[in-house]
>>> print(open('final.txt').read())   # compact mmCIF, C-alpha atoms and all ligand atoms
# COMPACT_ATOMS: atom_id res chain seq x y z
CA MET A 1 -158.44 -3.31 -4.63
CA GLU A 2 -158.36 0.44 -4.60
CA PHE A 3 -159.08 1.19 -8.19
CA GLY A 4 -162.28 2.94 -7.21
CA ARG A 5 -160.38 6.12 -6.47
CA ARG A 6 -158.96 6.31 -9.92
CA GLN A 7 -158.97 9.61 -11.66
CA PHE A 8 -158.63 10.61 -15.23
CA VAL A 9 -157.69 13.65 -17.13
CA GLY A 10 -158.74 13.67 -20.73
CA GLY A 11 -157.25 16.97 -21.78
CA TRP A 12 -157.57 20.04 -19.64
CA GLY A 13 -161.11 20.71 -20.74
CA ALA A 14 -162.33 17.39 -19.41
CA MET A 15 -160.83 16.46 -16.08
CA VAL A 16 -162.65 13.26 -15.33
CA THR A 17 -163.01 10.50 -12.78
CA GLN A 18 -165.10 7.40 -12.47
CA ALA A 19 -166.03 4.64 -10.05
CA VAL A 20 -165.22 6.68 -6.99
CA ALA A 21 -165.30 4.65 -3.80
CA PRO A 22 -166.99 5.72 -0.58
CA GLY A 23 -164.70 7.82 1.54
CA THR A 24 -163.06 9.46 -1.42
CA ARG A 25 -161.30 12.62 -0.38
CA PRO A 26 -162.31 15.96 -1.90
CA HIS A 27 -159.02 16.03 -3.75
CA ASP A 28 -160.18 12.96 -5.65
CA ALA A 29 -163.63 14.27 -6.44
CA PRO A 30 -165.40 12.66 -9.38
CA ARG A 31 -166.03 14.64 -12.55
CA ALA A 32 -166.99 12.43 -15.48
CA SER A 33 -166.08 9.25 -17.34
CA PRO A 34 -163.44 9.22 -20.02
CA ALA A 35 -164.52 7.98 -23.40
CA HIS A 36 -161.15 6.43 -24.17
CA GLU A 37 -161.02 4.08 -21.17
CA ASP A 38 -162.41 0.60 -21.72
CA ALA A 39 -163.58 -1.94 -19.19
CA GLY A 40 -160.26 -3.81 -19.18
CA ALA A 41 -158.12 -0.76 -18.57
CA GLY A 42 -158.35 -1.08 -14.80
CA ALA A 43 -156.84 -4.54 -14.75
CA VAL A 44 -154.11 -3.44 -17.12
CA HIS A 45 -153.23 -0.46 -14.97
CA GLU A 46 -153.14 -2.62 -11.86
CA ARG A 47 -150.86 -5.14 -13.53
CA PHE A 48 -148.32 -2.46 -14.38
CA MET A 49 -148.70 -0.78 -11.01
CA ARG A 50 -147.66 -4.05 -9.39
CA LEU A 51 -144.43 -3.80 -11.36
CA ALA A 52 -143.93 -0.26 -10.06
CA VAL A 53 -144.47 -1.64 -6.56
CA GLU A 54 -141.81 -4.27 -7.22
CA GLN A 55 -139.42 -1.48 -8.11
CA ALA A 56 -140.41 0.46 -5.01
CA ARG A 57 -139.51 -2.47 -2.78
CA ARG A 58 -135.88 -1.92 -3.78
CA ASN A 59 -135.95 1.16 -1.53
CA PRO A 60 -138.14 0.17 1.44
CA ALA A 61 -137.54 3.47 3.29
CA PHE A 62 -138.65 5.59 0.30
CA PRO A 63 -140.76 3.25 -1.83
CA PHE A 64 -141.15 5.38 -4.92
CA GLY A 65 -140.91 2.99 -7.86
CA ALA A 66 -141.77 3.52 -11.50
CA VAL A 67 -142.02 1.66 -14.77
CA ILE A 68 -142.48 2.99 -18.28
CA VAL A 69 -144.62 0.86 -20.56
CA ALA A 70 -145.26 0.91 -24.30
CA VAL A 71 -148.92 1.82 -24.79
CA ARG A 72 -149.43 -0.36 -27.85
CA THR A 73 -147.57 -3.52 -26.87
CA GLY A 74 -147.41 -3.43 -23.08
CA GLU A 75 -143.67 -3.94 -23.23
CA ILE A 76 -141.80 -2.77 -20.13
CA LEU A 77 -139.42 -0.20 -21.57
CA ALA A 78 -137.74 1.12 -18.42
CA SER A 79 -137.86 1.11 -14.65
CA GLY A 80 -136.52 3.06 -11.72
CA VAL A 81 -136.62 3.55 -7.99
CA ASN A 82 -135.99 6.51 -5.72
CA ALA A 83 -132.23 6.97 -5.36
CA THR A 84 -132.09 10.32 -3.61
CA GLU A 85 -129.22 9.08 -1.48
CA ASP A 86 -127.18 9.24 -4.68
CA SER A 87 -128.69 12.42 -6.14
CA PRO A 88 -131.48 14.68 -4.93
CA VAL A 89 -133.17 14.63 -8.32
CA LEU A 90 -133.33 10.85 -8.63
CA HIS A 91 -136.96 10.40 -7.78
CA GLY A 92 -138.41 7.13 -9.03
CA GLU A 93 -139.98 8.75 -12.07
CA VAL A 94 -136.79 10.55 -13.08
CA ALA A 95 -134.77 7.38 -12.51
CA ALA A 96 -137.16 5.50 -14.81
CA MET A 97 -136.98 8.27 -17.43
CA ASN A 98 -133.19 8.18 -17.32
CA ASP A 99 -133.34 4.40 -17.74
CA TYR A 100 -135.66 4.87 -20.71
CA VAL A 101 -133.23 7.26 -22.41
CA ARG A 102 -130.33 4.88 -21.81
CA ARG A 103 -132.22 2.03 -23.43
CA HIS A 104 -134.25 3.71 -26.15
CA GLY A 105 -132.94 7.21 -26.67
CA ASN A 106 -134.68 10.49 -26.09
CA HIS A 107 -137.70 9.93 -28.29
CA GLY A 108 -140.94 7.99 -28.40
CA TRP A 109 -142.30 9.34 -25.13
CA ALA A 110 -145.76 9.96 -26.54
CA GLY A 111 -146.23 6.21 -27.00
CA THR A 112 -145.57 5.39 -23.36
CA THR A 113 -147.31 5.32 -20.00
CA LEU A 114 -145.42 5.90 -16.78
CA TYR A 115 -146.66 4.04 -13.69
CA THR A 116 -145.47 5.26 -10.32
CA THR A 117 -146.31 4.28 -6.76
CA GLY A 118 -146.68 7.93 -5.69
CA GLU A 119 -148.32 10.96 -7.26
CA PRO A 120 -145.57 12.79 -9.16
CA CYS A 121 -144.12 15.90 -7.55
CA PRO A 122 -143.71 19.17 -9.48
CA MET A 123 -140.14 18.27 -10.45
CA CYS A 124 -141.21 14.98 -11.96
CA VAL A 125 -144.24 16.49 -13.69
CA SER A 126 -141.87 19.07 -15.17
CA ALA A 127 -139.67 16.27 -16.50
CA MET A 128 -142.74 14.64 -18.02
CA ALA A 129 -143.78 17.92 -19.60
CA TRP A 130 -140.32 18.46 -21.10
CA ALA A 131 -140.39 14.91 -22.46
CA ASP A 132 -144.01 15.21 -23.59
CA LEU A 133 -144.80 12.02 -21.69
CA ARG A 134 -148.56 12.27 -21.71
CA ARG A 135 -149.84 9.23 -19.82
CA VAL A 136 -149.14 8.92 -16.11
CA VAL A 137 -150.69 6.56 -13.57
CA TRP A 138 -149.98 6.66 -9.84
CA GLY A 139 -151.00 4.94 -6.65
CA SER A 140 -150.76 7.04 -3.47
CA SER A 141 -151.70 10.70 -3.48
CA ILE A 142 -149.33 13.46 -2.43
CA GLU A 143 -151.53 14.03 0.60
CA GLU A 144 -151.30 10.41 1.66
CA ILE A 145 -147.54 10.40 1.22
CA ARG A 146 -147.27 13.55 3.29
CA ARG A 147 -149.27 11.86 6.03
CA THR A 148 -146.56 9.21 6.24
CA GLY A 149 -143.96 11.85 7.09
CA ILE A 150 -142.32 12.53 3.74
CA HIS A 151 -142.07 16.16 2.74
CA GLN A 152 -144.08 17.05 -0.33
CA MET A 153 -144.54 20.32 -2.15
CA ALA A 154 -148.13 21.54 -1.89
CA LEU A 155 -148.87 21.23 -5.57
CA SER A 156 -150.75 18.32 -7.07
CA ALA A 157 -149.60 16.61 -10.24
CA ARG A 158 -152.54 18.10 -12.10
CA GLU A 159 -151.80 21.59 -10.84
CA ALA A 160 -148.16 21.24 -11.84
CA ALA A 161 -149.13 20.00 -15.30
CA ALA A 162 -151.63 22.83 -15.68
CA CYS A 163 -148.76 25.28 -15.23
CA ALA A 164 -147.34 23.87 -18.46
CA ARG A 165 -150.61 23.92 -20.39
CA SER A 166 -149.22 26.21 -23.09
CA PHE A 167 -147.11 23.31 -24.40
CA TYR A 168 -148.14 20.18 -22.49
CA SER A 169 -151.48 18.38 -22.81
CA PRO A 170 -151.59 15.07 -20.94
CA ASP A 171 -153.80 12.34 -22.37
CA MET A 172 -154.25 10.69 -19.00
CA PHE A 173 -153.39 11.54 -15.43
CA LEU A 174 -154.82 8.72 -13.35
CA GLY A 175 -154.39 8.42 -9.59
CA GLY A 176 -155.39 5.93 -6.91
CA VAL A 177 -154.55 2.74 -8.80
CA LEU A 178 -153.79 0.01 -6.22
CA ALA A 179 -153.66 2.79 -3.65
CA ASP A 180 -154.46 0.34 -0.85
CA CYS A 181 -151.24 -1.42 -1.71
CA THR A 182 -149.09 1.67 -2.27
CA ASP A 183 -150.47 3.45 0.82
CA ARG A 184 -149.48 0.42 2.86
CA LEU A 185 -146.03 0.56 1.31
CA PHE A 186 -145.56 4.17 2.44
CA GLN A 187 -146.94 3.43 5.89
CA GLU A 188 -144.51 0.53 6.27
CA ALA A 189 -141.73 2.82 5.09
CA ARG A 190 -142.51 5.30 7.83
CA ARG A 191 -142.21 2.57 10.45
CA LEU A 192 -138.95 1.47 8.88
CA ARG A 193 -137.51 5.00 8.86
CA ARG A 194 -138.51 5.49 12.48
CA ARG A 195 -136.65 2.34 13.42
CA GLY A 196 -133.65 3.23 11.28
CA ALA A 197 -130.62 5.14 12.48
CA GLY A 198 -130.83 7.55 9.57
CA ALA A 199 -134.32 8.82 10.34
CA ALA A 200 -133.26 12.47 10.67
CA ARG A 201 -131.39 12.39 7.40
CA PHE A 202 -134.38 10.93 5.61
CA GLY A 203 -136.66 13.73 6.69
CA ARG A 204 -136.01 16.04 3.77
CA GLU A 205 -136.13 13.45 1.05
CA GLY A 206 -139.11 13.50 -1.22
CA MET A 207 -140.26 11.19 -3.91
ZN ZN A 301 -140.71 13.64 -8.01
>>> encode(input="final.txt", output="structure tokens")
Amino acid sequence: MEFGRRQFVGGWGAMVTQAVAPGTRPHDAPRASPAHEDAGAGAVHERFMRLAVEQARRNPAFPFGAVIVAVRTGEILASGVNATEDSPVLHGEVAAMNDYVRRHGNHGWAGTTLYTTGEPCPMCVSAMAWADLRRVVWGSSIEEIRRTGIHQMALSAREAAACARSFYSPDMFLGGVLADCTDRLFQEARRLRRRGAGAARFGREGM
């Protein structure tokens, strides 16, 4: 279990983290504990992250999977997986957001949490800001994903969201959930891409 590296943002004035495991990278540095998280939240986040991992397995070479969950009921509202072979903007998070709109319309975002196997890139954070989707949970960090050979813009999800602070105030940005599992997924993906004939083509694809 890798929940120890979890991070929280409770509004921009209180960027917080708790239960940081030994070996935590500086990027994941602890800050404080969020008042709104209860003891059972970790298990809940892990349960939904496993569903994001299931989605990610649909694209083993680029295992970016996402699910969108109703905060109040836990209902799975939408899902998606990286489909950048079809369109460069179809990162897992965007695919899940498109699926959400198809099923539920373009409203109700504030009552949802998006779970994604990888830390959202600036494009996906922008989509979240435009939607006012305020709760985001991810597994592997951008740095870890980059280490597995996938290009990533050098801007963390928090930094990207901070650029939108004049109109966007996330309730929770939480990273490192099941990161052992999602890191392994990205490491396996690198081996798969190296074996695959399309390795060169894959090089520019992000999450
Ligand atoms: Zn993205």
>>> residues_near_point(input="final.txt", point="(-139.7, 7.4, -16.5)", cutoff="10 Å", atoms="only C-alpha atoms", output="short mmCIF file (atom, residue, chain, number, x, y, z; two decimals) with C-alpha atoms, keeping the file's coordinate frame")
data_model
loop_
_atom_site.label_atom_id
_atom_site.label_comp_id
_atom_site.auth_asym_id
_atom_site.auth_seq_id
_atom_site.Cartn_x
_atom_site.Cartn_y
_atom_site.Cartn_z
CA GLY A 65 -140.91 2.99 -7.86
CA ALA A 66 -141.77 3.52 -11.50
CA VAL A 67 -142.02 1.66 -14.77
CA ILE A 68 -142.48 2.99 -18.28
CA VAL A 69 -144.62 0.86 -20.56
CA LEU A 77 -139.42 -0.20 -21.57
CA ALA A 78 -137.74 1.12 -18.42
CA SER A 79 -137.86 1.11 -14.65
CA GLY A 80 -136.52 3.06 -11.72
CA VAL A 81 -136.62 3.55 -7.99
CA HIS A 91 -136.96 10.40 -7.78
CA GLY A 92 -138.41 7.13 -9.03
CA GLU A 93 -139.98 8.75 -12.07
CA VAL A 94 -136.79 10.55 -13.08
CA ALA A 95 -134.77 7.38 -12.51
CA ALA A 96 -137.16 5.50 -14.81
CA MET A 97 -136.98 8.27 -17.43
CA ASN A 98 -133.19 8.18 -17.32
CA ASP A 99 -133.34 4.40 -17.74
CA TYR A 100 -135.66 4.87 -20.71
CA VAL A 101 -133.23 7.26 -22.41
CA TRP A 109 -142.30 9.34 -25.13
CA THR A 112 -145.57 5.39 -23.36
CA THR A 113 -147.31 5.32 -20.00
CA LEU A 114 -145.42 5.90 -16.78
CA TYR A 115 -146.66 4.04 -13.69
CA THR A 116 -145.47 5.26 -10.32
CA CYS A 124 -141.21 14.98 -11.96
CA ALA A 127 -139.67 16.27 -16.50
CA MET A 128 -142.74 14.64 -18.02
CA ALA A 131 -140.39 14.91 -22.46
CA LEU A 133 -144.80 12.02 -21.69
CA VAL A 136 -149.14 8.92 -16.11
#
>>> atom_distance(input="final.txt", atom1="atom CA of A:Thr182", atom2="atom CA of A:Ala61")
12.9 Å
>>> closest_residue(input="final.txt", among="A:Val89, A:Ala160, A:Ile150, A:Leu192", to="A:Pro122", atoms="all atoms listed in the file")
A:Ala160
>>> residues_near_point(input="final.txt", point="(-148.8, 10.2, 0.5)", cutoff="10 Å", atoms="all atoms listed in the file", output="number ranges by chain")
A: 117-119, 139-152, 179, 182-183, 186-187, 207
>>> closest_residue(input="final.txt", among="A:Cys163, A:Ala70, A:Asp171, A:Pro88", to="ligand ZN 301 (chain A)", atoms="only C-alpha atoms and all ligand atoms")
A:Pro88
>>> atom_distance(input="final.txt", atom1="atom CA of A:Ala41", atom2="atom CA of A:Glu54")
20.2 Å
>>> atom_distance(input="final.txt", atom1="atom CA of A:Arg195", atom2="atom CA of A:Val53")
21.8 Å
>>> closest_residue(input="final.txt", among="A:Asn106, A:Asn59, A:Ser156, A:Thr73", to="ligand ZN 301 (chain A)", atoms="only C-alpha atoms and all ligand atoms")
A:Ser156
>>> closest_residue(input="final.txt", among="A:Ala43, A:Ala110, A:Ala52, A:Val125", to="ligand ZN 301 (chain A)", atoms="all atoms listed in the file")
A:Val125
>>> closest_residue(input="final.txt", among="A:Gly175, A:Pro120, A:Gly196, A:Pro170", to="ligand ZN 301 (chain A)", atoms="only C-alpha atoms and all ligand atoms")
A:Pro120
>>> residues_around(input="final.txt", residues="stretch 164-168 of chain A", least_positions_apart="5", cutoff="9 Å", atoms="only C-alpha atoms", output="PyMOL selection string")
chain A and resi 12+126+128-130+132-134
>>> residues_around(input="final.txt", residues="A:His45", least_positions_apart="6", cutoff="9 Å", atoms="only C-alpha atoms", output="number ranges by chain")
A: 115, 137, 177-178
>>> write_last_selection(input="final.txt", atoms="C-alpha atoms", output="mmCIF file, keeping the file's coordinate frame")
data_model
loop_
_atom_site.group_PDB
_atom_site.id
_atom_site.type_symbol
_atom_site.label_atom_id
_atom_site.label_comp_id
_atom_site.auth_asym_id
_atom_site.auth_seq_id
_atom_site.Cartn_x
_atom_site.Cartn_y
_atom_site.Cartn_z
ATOM 1 C CA TYR A 115 -146.660 4.040 -13.690
ATOM 2 C CA VAL A 137 -150.690 6.560 -13.570
ATOM 3 C CA VAL A 177 -154.550 2.740 -8.800
ATOM 4 C CA LEU A 178 -153.790 0.010 -6.220
#
>>> closest_residue(input="final.txt", among="A:Phe48, A:Asp86, A:Gly42, A:Cys121", to="ligand ZN 301 (chain A)", atoms="only C-alpha atoms and all ligand atoms")
A:Cys121
